[in-house]
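Novice: I have a structure I would like to understand better, so I am pasting it below and will then ask my questions one at a time.
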Amino acid sequence: MAISAQEVNKLRQMTGSGMMDCKKALVEADGDFDKAIEFLRKKGQKVSASRADRETSEGIIFTKISEDGSKGVLVAFTCETDFVAKNDAFKALGEEILACAFDHEPADIDALKAHKRGELTLGEKIIENTGKIGEKLEISSYEILKSEGVVSYIHSNKKLGVLVGLGHTNGTAIENAGRDIAMQIAAMNPVAVNKDSVDPSLIEKEIEIGKDQARQEGKPEAIIEKIAMGKLNKFFSENTLMGQKFVKDGSMTIAQYLDNVSKGMTVTEFKRITIG
């Protein structure tokens with residue numbers, strides 16, 4: 001049947017799909033708009049399936065902090081090319097995903113994708129937009145952090161994001177200190193807040209590495225354990241946040257810096273995510 005330009009434009013306004021895709025959908029649906037919309041959604045599923053093995057190494061990290069500063073959310077929404085990452089529709093969907101994550105605090109990415117926004121779940125909206133854009137789109141990371149005070153940092157390329165939670169702030173304004181710590185986390189990528197929060201399996205691995213190194217250096221077996229523990233303490237100082245030297249002032253550790261800002265202030269938790 002003949003499909004008018006007005007009908008094609010109407011479907012385009014309704015779905016955001018391209019003109020040719022809309023015309024094809026209306027032809028396939030014999031002019032029925034509901035069926036045409038369903039056709040476009042199925043097209044999105046086909047595109048999504050055909051690109052399932054593609055790498056999504058581009059995208060944007062979105063963040064939101066609650067008004068009282070006690071909750072923060074990070075979401076990494078990814079795509080295949082930088083061109084798509086700059087697309088307004090891509091950014092708008094990323095913001096919608098962030099708002100859903102912030103408002104409903106789903107347990108994980110699957111729960112986030114299953115949340116309904118209008119007639120469709122977020123997962124279905126992602127598939128639908130995959131059909132429109134022609135690239136694989138996915139939520140690659142989602143983190144939520146709650147603390148006495150939470151500060152976020154997004155690197156200038158929008159592909160690295162950090163949330164840092166601060167405790168024992170004693171009413172001190174934490175924005176500047178929080179940003180300093182978040183930038184430290186972005187740059188130095190610590191494995192944990194302090195030595196007490198390092199994964200035990202990682203500690204065991206570092207001890208074994210220290211012992212092997214000492215043996216290869218020909219050290220006496222009687223002092224191998226002591227040498228390994230010394231190497232472990234060095235690992236803690238270099239790879240745990242509170243033990244690291246402050247990037248902006250190497251004369252103090254992060255723990256000392258925070259104590260200077262406000263006596264007893266500490267980092268309770270942090271989240272760091274990257275794209276690519």
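Residue numbering restarts at 1 for every chain of the structure tokens, chains are lettered A, B, ... in their displayed order, and ligands are numbered from 1 as they appear.
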Considering only C-alpha atoms, return as a VMD selection string whatever protein or nucleic-acid residues lie within 7 Å of stretch 253-266 of chain A, sequence-local ones (same chain, fewer than 4 positions apart) excluded.
Specialist: chain A and resid 166 to 169 172 241 to 246
Novice: Give me, as a list of chain:residue names, all polymer residues having an atom no more than 7 Å from A:Ile273, counting only C-alpha atoms and skipping those fewer than 6 positions away in the same chain.
Specialist: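 With the cut-off at 7 Å, the set is A:Ser141, A:Leu160, A:Gly161, A:Val162.
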Novice: Please return as a ChimeraX atom specification: the residues of stretch 5-230 of chain A that backbone DSSP assigns to strand (DSSP E or B).
Specialist: /A:58-65,71-79,116-117,120-121,138-146,149-154,160-167,192
Novice: Leaving out stretch 59-64 of chain A and any residue of its chain fewer than 5 positions from it, which residues lie within 6 Å of it when counting only C-alpha atoms, given as a PyMOL selection string?
Specialist: chain A and resi 72-79+85+158-159
Novice: If we count only C-alpha atoms and set the cut-off at 7 Å, which residues sit around stretch 110-121 of chain A, ignoring sequence neighbours fewer than 4 positions away in its own chain? Please answer as a list of chain:residue names.
Specialist: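 Within the cut-off, the hits are A:Ala101, A:Pro106, A:Lys125.
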Novice: Next, dump the selected residues to file, keeping only C-alpha atoms, as a PDB file, in the first residue's frame.
Specialist:
```
ATOM      1  CA  ALA A 101      19.335   3.732  39.290  1.00  0.00           C
ATOM      2  CA  PRO A 106      18.316  -1.842  42.013  1.00  0.00           C
ATOM      3  CA  LYS A 125      14.668   0.589  25.569  1.00  0.00           C
TER       4      LYS A 125
END
```
Novice: May I have the residues within 10 Å of A:Asp30 as a list in words, using only C-alpha atoms and disregarding those fewer than 6 positions away in the same chain?
Specialist: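 Final neighbour list, sorted by chain and number: Met1, Ala2, Ile3, Lys24 and Ala36 of chain A.
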Novice: Filtering to C-alpha atoms, could you give me those residues as an mmCIF file, in the first residue's frame?
Specialist:
```cif
data_model
loop_
_atom_site.group_PDB
_atom_site.id
_atom_site.type_symbol
_atom_site.label_atom_id
_atom_site.label_comp_id
_atom_site.auth_asym_id
_atom_site.auth_seq_id
_atom_site.Cartn_x
_atom_site.Cartn_y
_atom_site.Cartn_z
ATOM 1 C CA MET A 1 0.000 0.000 0.000
ATOM 2 C CA ALA A 2 1.034 3.616 -0.537
ATOM 3 C CA ILE A 3 2.529 5.261 2.554
ATOM 4 C CA LYS A 24 9.735 0.133 5.641
ATOM 5 C CA ALA A 36 5.010 -0.705 12.682
#
```
Novice: Would you mind reading off the distance between atom CA of A:Lys211 and atom CA of A:Ile227, one decimal, in Å?
Specialist: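 Taking atom CA of A:Lys211 and atom CA of A:Ile227, their separation equals 7.3 Å.
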Novice: Using the chain letters and numbers from this document, which residues of stretch 106-147 of chain A does DSSP assign to helix (DSSP H, G or I), as a list in words?
Specialist: Ile109, Asp110, Ala111, Leu112, Lys113, Ala114, Leu122, Gly123, Glu124, Lys125, Ile126, Ile127, Glu128, Asn129, Thr130, Gly131, Lys132 and Ile133 of chain A
Novice: Create the file for the chosen residues now, containing N, CA and C atoms and written as a PDB file, in the first residue's frame.
Specialist:
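Below is the file that was written, out20.pdb:
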```pdb
ATOM      1  N   ILE A 109      22.994  -4.756  37.742  1.00  0.00           N
ATOM      2  CA  ILE A 109      22.694  -4.285  36.387  1.00  0.00           C
ATOM      3  C   ILE A 109      21.470  -4.987  35.816  1.00  0.00           C
ATOM      4  N   ASP A 110      21.329  -6.274  36.052  1.00  0.00           N
ATOM      5  CA  ASP A 110      20.162  -7.002  35.529  1.00  0.00           C
ATOM      6  C   ASP A 110      18.864  -6.450  36.111  1.00  0.00           C
ATOM      7  N   ALA A 111      18.877  -6.154  37.402  1.00  0.00           N
ATOM      8  CA  ALA A 111      17.687  -5.579  38.040  1.00  0.00           C
ATOM      9  C   ALA A 111      17.419  -4.183  37.513  1.00  0.00           C
ATOM     10  N   LEU A 112      18.462  -3.437  37.235  1.00  0.00           N
ATOM     11  CA  LEU A 112      18.316  -2.095  36.659  1.00  0.00           C
ATOM     12  C   LEU A 112      17.685  -2.183  35.277  1.00  0.00           C
ATOM     13  N   LYS A 113      18.158  -3.100  34.448  1.00  0.00           N
ATOM     14  CA  LYS A 113      17.620  -3.261  33.094  1.00  0.00           C
ATOM     15  C   LYS A 113      16.173  -3.753  33.112  1.00  0.00           C
ATOM     16  N   ALA A 114      15.798  -4.473  34.163  1.00  0.00           N
ATOM     17  CA  ALA A 114      14.441  -5.028  34.248  1.00  0.00           C
ATOM     18  C   ALA A 114      13.420  -4.008  34.722  1.00  0.00           C
ATOM     19  N   LEU A 122      14.028  -0.817  30.897  1.00  0.00           N
ATOM     20  CA  LEU A 122      15.239  -0.156  30.403  1.00  0.00           C
ATOM     21  C   LEU A 122      15.981  -1.062  29.420  1.00  0.00           C
ATOM     22  N   GLY A 123      15.988  -2.358  29.694  1.00  0.00           N
ATOM     23  CA  GLY A 123      16.637  -3.294  28.777  1.00  0.00           C
ATOM     24  C   GLY A 123      16.014  -3.260  27.399  1.00  0.00           C
ATOM     25  N   GLU A 124      14.678  -3.186  27.353  1.00  0.00           N
ATOM     26  CA  GLU A 124      13.974  -3.114  26.074  1.00  0.00           C
ATOM     27  C   GLU A 124      14.246  -1.784  25.377  1.00  0.00           C
ATOM     28  N   LYS A 125      14.350  -0.719  26.162  1.00  0.00           N
ATOM     29  CA  LYS A 125      14.668   0.589  25.569  1.00  0.00           C
ATOM     30  C   LYS A 125      16.070   0.580  24.964  1.00  0.00           C
ATOM     31  N   ILE A 126      17.001  -0.089  25.642  1.00  0.00           N
ATOM     32  CA  ILE A 126      18.364  -0.185  25.109  1.00  0.00           C
ATOM     33  C   ILE A 126      18.356  -0.945  23.788  1.00  0.00           C
ATOM     34  N   ILE A 127      17.616  -2.052  23.730  1.00  0.00           N
ATOM     35  CA  ILE A 127      17.506  -2.824  22.490  1.00  0.00           C
ATOM     36  C   ILE A 127      16.857  -1.984  21.387  1.00  0.00           C
ATOM     37  N   GLU A 128      15.803  -1.275  21.744  1.00  0.00           N
ATOM     38  CA  GLU A 128      15.117  -0.418  20.778  1.00  0.00           C
ATOM     39  C   GLU A 128      16.069   0.628  20.203  1.00  0.00           C
ATOM     40  N   ASN A 129      16.876   1.247  21.076  1.00  0.00           N
ATOM     41  CA  ASN A 129      17.818   2.266  20.611  1.00  0.00           C
ATOM     42  C   ASN A 129      18.980   1.659  19.838  1.00  0.00           C
ATOM     43  N   THR A 130      19.299   0.402  20.123  1.00  0.00           N
ATOM     44  CA  THR A 130      20.302  -0.299  19.331  1.00  0.00           C
ATOM     45  C   THR A 130      19.843  -0.389  17.879  1.00  0.00           C
ATOM     46  N   GLY A 131      18.547  -0.669  17.687  1.00  0.00           N
ATOM     47  CA  GLY A 131      17.992  -0.735  16.344  1.00  0.00           C
ATOM     48  C   GLY A 131      18.033   0.608  15.637  1.00  0.00           C
ATOM     49  N   LYS A 132      17.785   1.687  16.394  1.00  0.00           N
ATOM     50  CA  LYS A 132      17.793   3.028  15.797  1.00  0.00           C
ATOM     51  C   LYS A 132      19.210   3.476  15.459  1.00  0.00           C
ATOM     52  N   ILE A 133      20.130   3.233  16.384  1.00  0.00           N
ATOM     53  CA  ILE A 133      21.490   3.752  16.244  1.00  0.00           C
ATOM     54  C   ILE A 133      22.368   2.826  15.408  1.00  0.00           C
TER      55      ILE A 133
END
```
Novice: One decimal, in Å: what's the spacing between atom CA of A:Ile203 and atom CA of A:Leu232?
Specialist: 7.5 Å
Novice: Pick out the closest residue to A:Ile275 from this set: A:Ala52, A:Ala214, A:Ile154, A:Ala222. Count only C-alpha atoms.
Specialist: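 The closest residue to A:Ile275 is A:Ile154.
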Novice: Write out as a PyMOL selection string each polymer residue whose atoms come within 12 Å of A:Asp32, counting only C-alpha atoms; drop sequence neighbours fewer than 5 positions from it.
Specialist: chain A and resi 1+3+7-8+11+22-27+37-39
Novice: By how many Å are atom CA of A:Arg12 and atom CA of A:Cys100 apart?
Specialist: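 Straight-line distance from atom CA of A:Arg12 to atom CA of A:Cys100 works out to 25.6 Å.
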Novice: Set the distance at 8 Å and use only C-alpha atoms: which residues neighbour stretch 191-201 of chain A once local chain neighbours fewer than 2 positions away are removed? I'd like the list as an MDAnalysis selection string.
Specialist: chainID A and resid 189 203:205 236 239:243 267:270
Novice: Pick from A:Ile97, A:Leu137, A:Leu40, A:Val150: nearest to A:Thr81, with only C-alpha atoms counted?
Specialist: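 Nearest candidate to A:Thr81 out of A:Ile97, A:Leu137, A:Leu40, A:Val150: A:Leu137.
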Novice: I need the residue nearest A:Glu80 from this list: A:Arg179, A:Lys136, A:Lys35, A:Lys226. Use only C-alpha atoms for the distance.
Specialist: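 Between A:Arg179, A:Lys136, A:Lys35, A:Lys226, the residue approaching A:Glu80 most closely is A:Lys136.
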Novice: Just checking: using only C-alpha atoms, which residue out of A:Leu145, A:Met19, A:Met183, A:Val84 ends up closest to A:Gly165?
Specialist: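 Residue with the minimum atom-to-atom distance to A:Gly165: A:Leu145.
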